[in-house]
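Below you'll find the structure, written out as structure tokens, and then a few comments.
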Amino acid sequence: HRDRAKITLDAIVFHQTEDANTALKRFRGGELDVSYFSPVTQIQWMQENLPTEFRVHPTFRTFYLTPNFTVEPWKSNAKLRQALMLAVDRDVLAEKVTRGVDRPAWTMVPPGTGGYEPTRPEWASWTQAQRDAEAKRLIQEAGFGPGGQPLEIEILYQTEEIRRNVAVAIAAMWQKALGVKVVLTNSEARVVWDRLRDRSFESLVYDSWIDRQPSRFLDLMLTAEFQNNGGYSNPAYDTLIGEAMGTPEKAQYH
């Protein structure tokens with residue numbers, strides 16, 4: 001907003017750059033006026049060498065893995081989904097992989113909503129060792145893991161350095177804790193979105209949602225929601241969300 005009264009723009013040109021290092025080089029070379037993402041490996045360097053240009057702003061956004069709920073084993077095996085969810089070390093992802101840029105996510109609705117603090121699930125207070133132990137128990141009950149069916153999972157993600165780093169880290173966590181084999185598949189954003197909309201992906205998609213309205217994060221799991229990309233459907237959930245949207249008492253559905 002600096003000197004905005006004196007600035008006039010004839011046009012704004014957007015350049016799609018999937019590689020964060022390339023974007024940084026182009027910015028430093030004067031080819032870009034603004035870059036909205038930066039390589040996480042260069043954050044400390046940018047803080048020291050580009051103190052006025054480099055800015056970090058919180059975004060009301062959640063990153064998550066979307067299973068394809070229309071096919072097995074994701075459709076009806078909740079214990080498998082729970083096991084994989086527990087075996088993701090969110091603290092490591094936030095502190096080591098994204099270098100403090102992101103915060104651990106325990107619910108779909110991100111923190112920062114005025115007058116509302118997302119309820120932390122019980123397992124959020126466990127140590128990662130406790131979560132891994134419960135994950136091993138659940139995946140065996142689901143029929144996979146040691147003594148069960150072999151399991152190979154595909155994670156589809158948009159071609160971008162930070163997304164690749166997160167996907168690689170999650171794959172390593174699942175391999176170590178559960179013995180699960182993970183195949184990583186990257187594609188340009190348009191291809192990933194098409195496969196999400198068509199539900200033509202095999203296992204999981206590394207997805208995200210950004211919004212200004214907290215309730216929209218919860219709407220993503222409604223059966224009739226157009227952007228319910230994974231195809232999740234739970235009549236009880238639909239009913240509760242419908243009731244919550246129609247009541248003014250915020251504490252009733254906290």
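As shown in the structure tokens, the chain order sets the letters A, B, ...; within each chain, residues go from 1, and ligands are also counted from 1 in the order they appear.
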Do a neighbour search on Pro118 (chain A) at 9 Å with only C-alpha atoms, toss out local chain neighbours closer than 2 positions, and write the hits as a list in words. Trp106, Thr107, Met108, Val109, Pro110, Pro111, Gly112, Thr113, Tyr116, Arg120 and His254 of chain A
Contacts of region 231-241 of chain A within 10 Å, only C-alpha atoms, excl. fewer than 4 positions in-chain, as a JSON list (two decimals) with N, CA, C and O atoms, in the first residue's frame:
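Heads up, here's the output in result.json:
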```
[["chain", "number", "residue", "atom", "x", "y", "z"],
["A", 66, "THR", "N", -6.53, -36.10, 1.03],
["A", 66, "THR", "CA", -7.90, -36.51, 0.71],
["A", 66, "THR", "C", -7.90, -37.94, 0.17],
["A", 66, "THR", "O", -7.32, -38.21, -0.88],
["A", 67, "PRO", "N", -8.55, -38.89, 0.87],
["A", 67, "PRO", "CA", -8.68, -40.24, 0.32],
["A", 67, "PRO", "C", -9.80, -40.26, -0.72],
["A", 67, "PRO", "O", -10.70, -39.43, -0.70],
["A", 68, "ASN", "N", -9.76, -41.23, -1.60],
["A", 68, "ASN", "CA", -10.85, -41.45, -2.53],
["A", 68, "ASN", "C", -11.87, -42.36, -1.84],
["A", 68, "ASN", "O", -11.73, -43.58, -1.83],
["A", 69, "PHE", "N", -12.90, -41.74, -1.27],
["A", 69, "PHE", "CA", -13.89, -42.48, -0.48],
["A", 69, "PHE", "C", -14.84, -43.30, -1.35],
["A", 69, "PHE", "O", -15.70, -44.00, -0.82],
["A", 70, "THR", "N", -14.70, -43.22, -2.66],
["A", 70, "THR", "CA", -15.60, -43.98, -3.54],
["A", 70, "THR", "C", -15.06, -45.35, -3.89],
["A", 70, "THR", "O", -15.74, -46.13, -4.55],
["A", 71, "VAL", "N", -13.82, -45.64, -3.48],
["A", 71, "VAL", "CA", -13.22, -46.94, -3.79],
["A", 71, "VAL", "C", -12.64, -47.55, -2.51],
["A", 71, "VAL", "O", -12.36, -46.86, -1.53],
["A", 74, "TRP", "N", -10.51, -47.35, 1.00],
["A", 74, "TRP", "CA", -10.79, -46.09, 1.68],
["A", 74, "TRP", "C", -12.27, -45.91, 1.99],
["A", 74, "TRP", "O", -12.64, -45.26, 2.98],
["A", 75, "LYS", "N", -13.12, -46.51, 1.18],
["A", 75, "LYS", "CA", -14.56, -46.30, 1.31],
["A", 75, "LYS", "C", -15.12, -46.77, 2.64],
["A", 75, "LYS", "O", -15.92, -46.06, 3.27],
["A", 196, "LEU", "N", -9.01, -34.86, -9.10],
["A", 196, "LEU", "CA", -9.82, -34.70, -7.90],
["A", 196, "LEU", "C", -11.31, -34.61, -8.25],
["A", 196, "LEU", "O", -12.15, -35.30, -7.66],
["A", 197, "ARG", "N", -11.62, -33.76, -9.22],
["A", 197, "ARG", "CA", -13.02, -33.58, -9.59],
["A", 197, "ARG", "C", -13.63, -34.86, -10.16],
["A", 197, "ARG", "O", -14.78, -35.19, -9.90],
["A", 199, "ARG", "N", -12.54, -37.82, -9.41],
["A", 199, "ARG", "CA", -12.27, -38.89, -8.45],
["A", 199, "ARG", "C", -11.61, -40.08, -9.15],
["A", 199, "ARG", "O", -11.95, -41.24, -8.90],
["A", 215, "SER", "N", -16.69, -21.93, 8.48],
["A", 215, "SER", "CA", -17.65, -23.01, 8.22],
["A", 215, "SER", "C", -17.41, -23.68, 6.87],
["A", 215, "SER", "O", -17.80, -24.84, 6.67],
["A", 218, "LEU", "N", -15.68, -27.00, 7.02],
["A", 218, "LEU", "CA", -16.54, -28.11, 7.42],
["A", 218, "LEU", "C", -17.48, -28.52, 6.29],
["A", 218, "LEU", "O", -17.83, -29.69, 6.16],
["A", 219, "ASP", "N", -17.86, -27.57, 5.45],
["A", 219, "ASP", "CA", -18.74, -27.87, 4.32],
["A", 219, "ASP", "C", -18.10, -28.84, 3.34],
["A", 219, "ASP", "O", -18.80, -29.55, 2.61],
["A", 220, "LEU", "N", -16.76, -28.88, 3.31],
["A", 220, "LEU", "CA", -16.07, -29.73, 2.34],
["A", 220, "LEU", "C", -16.39, -31.21, 2.50],
["A", 220, "LEU", "O", -16.17, -31.99, 1.58],
["A", 221, "MET", "N", -16.92, -31.61, 3.66],
["A", 221, "MET", "CA", -17.22, -33.01, 3.90],
["A", 221, "MET", "C", -18.71, -33.33, 3.83],
["A", 221, "MET", "O", -19.13, -34.43, 4.16],
["A", 222, "LEU", "N", -19.50, -32.35, 3.40],
["A", 222, "LEU", "CA", -20.93, -32.59, 3.22],
["A", 222, "LEU", "C", -21.17, -33.42, 1.96],
["A", 222, "LEU", "O", -20.51, -33.22, 0.93],
["A", 223, "THR", "N", -22.12, -34.34, 2.02],
["A", 223, "THR", "CA", -22.38, -35.23, 0.89],
["A", 223, "THR", "C", -22.71, -34.46, -0.38],
["A", 223, "THR", "O", -22.24, -34.79, -1.47],
["A", 224, "ALA", "N", -23.51, -33.39, -0.25],
["A", 224, "ALA", "CA", -23.97, -32.65, -1.43],
["A", 224, "ALA", "C", -23.04, -31.53, -1.85],
["A", 224, "ALA", "O", -23.33, -30.82, -2.81],
["A", 225, "GLU", "N", -21.91, -31.36, -1.15],
["A", 225, "GLU", "CA", -20.99, -30.27, -1.47],
["A", 225, "GLU", "C", -20.25, -30.55, -2.78],
["A", 225, "GLU", "O", -19.63, -31.60, -2.95],
["A", 226, "PHE", "N", -20.30, -29.59, -3.69],
["A", 226, "PHE", "CA", -19.67, -29.74, -5.00],
["A", 226, "PHE", "C", -18.17, -29.97, -4.88],
["A", 226, "PHE", "O", -17.58, -30.72, -5.65],
["A", 227, "GLN", "N", -17.53, -29.33, -3.90],
["A", 227, "GLN", "CA", -16.08, -29.43, -3.76],
["A", 227, "GLN", "C", -15.65, -30.48, -2.73],
["A", 227, "GLN", "O", -14.54, -30.45, -2.23],
["A", 245, "MET", "N", -25.74, -24.93, 11.53],
["A", 245, "MET", "CA", -25.87, -23.72, 10.72],
["A", 245, "MET", "C", -27.16, -22.97, 11.01],
["A", 245, "MET", "O", -27.28, -21.78, 10.72],
["A", 246, "GLY", "N", -28.12, -23.66, 11.63],
["A", 246, "GLY", "CA", -29.41, -23.02, 11.88],
["A", 246, "GLY", "C", -29.63, -22.57, 13.31],
["A", 246, "GLY", "O", -30.74, -22.17, 13.68],
["A", 253, "TYR", "N", -22.69, -26.50, 19.62],
["A", 253, "TYR", "CA", -22.00, -27.39, 18.69],
["A", 253, "TYR", "C", -20.50, -27.15, 18.69],
["A", 253, "TYR", "O", -19.83, -27.40, 17.72]]
```
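The environment of Trp193 (chain A) within 10 Å, counting only C-alpha atoms and disregarding residues fewer than 4 places along the same chain, consists of A:Tyr157, A:Gln158, A:Ser187, A:Glu188, A:Ala189, A:Arg197, A:Asp198, A:Arg199, A:Val205, A:Asp207, A:Asn229.
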Name the residues in contact with Glu161 (chain A) at a cut-off of 7 Å, using only C-alpha atoms, excluding same-chain residues fewer than 2 positions from it; report them as a PyMOL selection string. chain A and resi 19-20+159+163-165
Residue among A:Glu31, A:Glu53, A:Glu72, A:Glu95 lying closest to Leu151 (chain A), counting only C-alpha atoms: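 That would be A:Glu72, the residue with the smallest distance to Leu151 (chain A).
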Residues within 12 Å of Gln128 (chain A), only C-alpha atoms, excluding chain neighbours under 6 positions, as a list in words: Met85, Leu86, Ala87, Val88, Asp89, Arg90, Asp91, Val92, Glu134, Ala135, Met173 and Ala177 of chain A
For those residues, write N, CA, C and O atoms to a file as an mmCIF file, in the first residue's frame.
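Below is the file out-v8.cif, written as the result:
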```
data_model
loop_
_atom_site.group_PDB
_atom_site.id
_atom_site.type_symbol
_atom_site.label_atom_id
_atom_site.label_comp_id
_atom_site.auth_asym_id
_atom_site.auth_seq_id
_atom_site.Cartn_x
_atom_site.Cartn_y
_atom_site.Cartn_z
ATOM 1 N N MET A 85 -3.554 -41.482 9.605
ATOM 2 C CA MET A 85 -3.674 -40.133 10.165
ATOM 3 C C MET A 85 -2.798 -39.987 11.412
ATOM 4 O O MET A 85 -2.081 -39.003 11.580
ATOM 5 N N LEU A 86 -2.829 -40.995 12.286
ATOM 6 C CA LEU A 86 -2.063 -40.923 13.537
ATOM 7 C C LEU A 86 -0.561 -41.005 13.291
ATOM 8 O O LEU A 86 0.226 -40.417 14.045
ATOM 9 N N ALA A 87 -0.151 -41.715 12.258
ATOM 10 C CA ALA A 87 1.280 -41.936 12.016
ATOM 11 C C ALA A 87 1.964 -40.767 11.322
ATOM 12 O O ALA A 87 3.153 -40.847 11.015
ATOM 13 N N VAL A 88 1.245 -39.678 11.074
ATOM 14 C CA VAL A 88 1.851 -38.470 10.514
ATOM 15 C C VAL A 88 2.317 -37.575 11.658
ATOM 16 O O VAL A 88 1.503 -37.116 12.461
ATOM 17 N N ASP A 89 3.602 -37.354 11.775
ATOM 18 C CA ASP A 89 4.163 -36.503 12.826
ATOM 19 C C ASP A 89 4.068 -35.045 12.383
ATOM 20 O O ASP A 89 4.940 -34.525 11.680
ATOM 21 N N ARG A 90 3.012 -34.380 12.802
ATOM 22 C CA ARG A 90 2.761 -33.002 12.379
ATOM 23 C C ARG A 90 3.807 -32.020 12.895
ATOM 24 O O ARG A 90 4.116 -31.025 12.229
ATOM 25 N N ASP A 91 4.328 -32.279 14.073
ATOM 26 C CA ASP A 91 5.355 -31.383 14.618
ATOM 27 C C ASP A 91 6.621 -31.408 13.762
ATOM 28 O O ASP A 91 7.237 -30.364 13.512
ATOM 29 N N VAL A 92 7.004 -32.586 13.302
ATOM 30 C CA VAL A 92 8.181 -32.700 12.438
ATOM 31 C C VAL A 92 7.935 -31.987 11.112
ATOM 32 O O VAL A 92 8.806 -31.269 10.598
ATOM 33 N N GLU A 134 -0.689 -46.729 18.556
ATOM 34 C CA GLU A 134 -2.113 -46.885 18.268
ATOM 35 C C GLU A 134 -2.333 -47.109 16.774
ATOM 36 O O GLU A 134 -3.202 -47.888 16.373
ATOM 37 N N ALA A 135 -1.528 -46.451 15.946
ATOM 38 C CA ALA A 135 -1.633 -46.627 14.498
ATOM 39 C C ALA A 135 -1.312 -48.068 14.099
ATOM 40 O O ALA A 135 -1.993 -48.649 13.241
ATOM 41 N N MET A 173 7.520 -41.576 7.120
ATOM 42 C CA MET A 173 6.864 -41.828 8.408
ATOM 43 C C MET A 173 6.020 -43.096 8.349
ATOM 44 O O MET A 173 6.063 -43.928 9.257
ATOM 45 N N ALA A 177 6.824 -46.425 10.569
ATOM 46 C CA ALA A 177 5.894 -46.783 11.641
ATOM 47 C C ALA A 177 5.000 -47.965 11.286
ATOM 48 O O ALA A 177 4.658 -48.768 12.155
#
```
For Ser208 (chain A), list every protein, DNA or RNA residue within 6 Å, evaluated using only C-alpha atoms, and leave out those in the same chain fewer than 5 positions away; present the list as a PyMOL selection string. chain A and resi 62-64
Could you pull out all residues of region 1-217 of chain A with a DSSP call of alpha helix (DSSP H) and give them as a PyMOL selection string? chain A and resi 20-28+43-49+78-86+90-92+128-141+161-178+189-198+215-217
Preceding selection exported with C-alpha atoms as a PDB file, in the first residue's frame:
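That gives us selection30.pdb:
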```
ATOM      1  CA  ALA A  20      10.290 -21.904  -5.793  1.00  0.00           C
ATOM      2  CA  ASN A  21      14.039 -21.517  -6.394  1.00  0.00           C
ATOM      3  CA  THR A  22      13.370 -20.318  -9.927  1.00  0.00           C
ATOM      4  CA  ALA A  23      10.832 -17.815  -8.619  1.00  0.00           C
ATOM      5  CA  LEU A  24      13.381 -16.450  -6.131  1.00  0.00           C
ATOM      6  CA  LYS A  25      16.036 -16.105  -8.841  1.00  0.00           C
ATOM      7  CA  ARG A  26      13.619 -14.277 -11.131  1.00  0.00           C
ATOM      8  CA  PHE A  27      12.592 -11.950  -8.288  1.00  0.00           C
ATOM      9  CA  ARG A  28      16.213 -11.147  -7.431  1.00  0.00           C
ATOM     10  CA  ILE A  43      14.035 -18.745   4.447  1.00  0.00           C
ATOM     11  CA  GLN A  44      16.905 -17.949   6.831  1.00  0.00           C
ATOM     12  CA  TRP A  45      18.954 -16.476   3.976  1.00  0.00           C
ATOM     13  CA  MET A  46      16.056 -14.287   2.872  1.00  0.00           C
ATOM     14  CA  GLN A  47      15.438 -13.089   6.416  1.00  0.00           C
ATOM     15  CA  GLU A  48      19.069 -12.015   6.661  1.00  0.00           C
ATOM     16  CA  ASN A  49      19.624 -10.676   3.131  1.00  0.00           C
ATOM     17  CA  ALA A  78     -12.082 -46.214   8.846  1.00  0.00           C
ATOM     18  CA  LYS A  79      -9.386 -47.927  10.927  1.00  0.00           C
ATOM     19  CA  LEU A  80      -6.958 -47.795   8.017  1.00  0.00           C
ATOM     20  CA  ARG A  81      -7.621 -44.086   7.568  1.00  0.00           C
ATOM     21  CA  GLN A  82      -7.201 -43.475  11.300  1.00  0.00           C
ATOM     22  CA  ALA A  83      -3.927 -45.409  11.411  1.00  0.00           C
ATOM     23  CA  LEU A  84      -2.397 -43.361   8.609  1.00  0.00           C
ATOM     24  CA  MET A  85      -3.674 -40.133  10.165  1.00  0.00           C
ATOM     25  CA  LEU A  86      -2.063 -40.923  13.537  1.00  0.00           C
ATOM     26  CA  ARG A  90       2.761 -33.002  12.379  1.00  0.00           C
ATOM     27  CA  ASP A  91       5.355 -31.383  14.618  1.00  0.00           C
ATOM     28  CA  VAL A  92       8.181 -32.700  12.438  1.00  0.00           C
ATOM     29  CA  GLN A 128       4.201 -39.368  18.591  1.00  0.00           C
ATOM     30  CA  ALA A 129       5.353 -42.713  19.993  1.00  0.00           C
ATOM     31  CA  GLN A 130       1.879 -43.202  21.490  1.00  0.00           C
ATOM     32  CA  ARG A 131       0.221 -42.250  18.193  1.00  0.00           C
ATOM     33  CA  ASP A 132       2.453 -44.666  16.277  1.00  0.00           C
ATOM     34  CA  ALA A 133       1.613 -47.492  18.696  1.00  0.00           C
ATOM     35  CA  GLU A 134      -2.113 -46.885  18.268  1.00  0.00           C
ATOM     36  CA  ALA A 135      -1.633 -46.627  14.498  1.00  0.00           C
ATOM     37  CA  LYS A 136       0.064 -50.050  14.429  1.00  0.00           C
ATOM     38  CA  ARG A 137      -2.831 -51.561  16.385  1.00  0.00           C
ATOM     39  CA  LEU A 138      -5.442 -50.001  14.110  1.00  0.00           C
ATOM     40  CA  ILE A 139      -3.772 -50.958  10.834  1.00  0.00           C
ATOM     41  CA  GLN A 140      -3.530 -54.586  11.957  1.00  0.00           C
ATOM     42  CA  GLU A 141      -7.220 -54.565  12.898  1.00  0.00           C
ATOM     43  CA  GLU A 161       9.087 -28.176  -3.945  1.00  0.00           C
ATOM     44  CA  ILE A 162       7.372 -27.774  -0.589  1.00  0.00           C
ATOM     45  CA  ARG A 163       4.594 -30.215  -1.454  1.00  0.00           C
ATOM     46  CA  ARG A 164       7.141 -32.772  -2.603  1.00  0.00           C
ATOM     47  CA  ASN A 165       9.133 -32.383   0.619  1.00  0.00           C
ATOM     48  CA  VAL A 166       6.013 -32.921   2.734  1.00  0.00           C
ATOM     49  CA  ALA A 167       4.933 -35.951   0.679  1.00  0.00           C
ATOM     50  CA  VAL A 168       8.406 -37.506   0.951  1.00  0.00           C
ATOM     51  CA  ALA A 169       8.401 -36.976   4.721  1.00  0.00           C
ATOM     52  CA  ILE A 170       4.946 -38.542   5.156  1.00  0.00           C
ATOM     53  CA  ALA A 171       5.959 -41.529   3.022  1.00  0.00           C
ATOM     54  CA  ALA A 172       9.001 -42.066   5.260  1.00  0.00           C
ATOM     55  CA  MET A 173       6.864 -41.828   8.408  1.00  0.00           C
ATOM     56  CA  TRP A 174       4.400 -44.437   7.151  1.00  0.00           C
ATOM     57  CA  GLN A 175       7.176 -46.749   6.005  1.00  0.00           C
ATOM     58  CA  LYS A 176       8.935 -46.555   9.363  1.00  0.00           C
ATOM     59  CA  ALA A 177       5.894 -46.783  11.641  1.00  0.00           C
ATOM     60  CA  LEU A 178       3.607 -49.065   9.626  1.00  0.00           C
ATOM     61  CA  ALA A 189      -1.973 -28.296 -10.758  1.00  0.00           C
ATOM     62  CA  ARG A 190      -4.549 -28.560 -13.553  1.00  0.00           C
ATOM     63  CA  VAL A 191      -4.075 -32.340 -13.821  1.00  0.00           C
ATOM     64  CA  VAL A 192      -4.370 -32.813 -10.049  1.00  0.00           C
ATOM     65  CA  TRP A 193      -7.564 -30.736  -9.939  1.00  0.00           C
ATOM     66  CA  ASP A 194      -9.063 -32.693 -12.827  1.00  0.00           C
ATOM     67  CA  ARG A 195      -8.337 -36.006 -11.131  1.00  0.00           C
ATOM     68  CA  LEU A 196      -9.824 -34.700  -7.897  1.00  0.00           C
ATOM     69  CA  ARG A 197     -13.023 -33.577  -9.594  1.00  0.00           C
ATOM     70  CA  ASP A 198     -13.305 -36.854 -11.514  1.00  0.00           C
ATOM     71  CA  SER A 215     -17.648 -23.011   8.222  1.00  0.00           C
ATOM     72  CA  ARG A 216     -16.520 -23.579   4.633  1.00  0.00           C
ATOM     73  CA  PHE A 217     -13.815 -25.949   5.873  1.00  0.00           C
TER      74      PHE A 217
END
```
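Across the structure, CA of Ile155 (chain A) and CA of Val182 (chain A) are spaced 7.2 Å apart.
Relative to CA of Pro104 (chain A), CA of Trp209 (chain A) is found at 15.1 Å.
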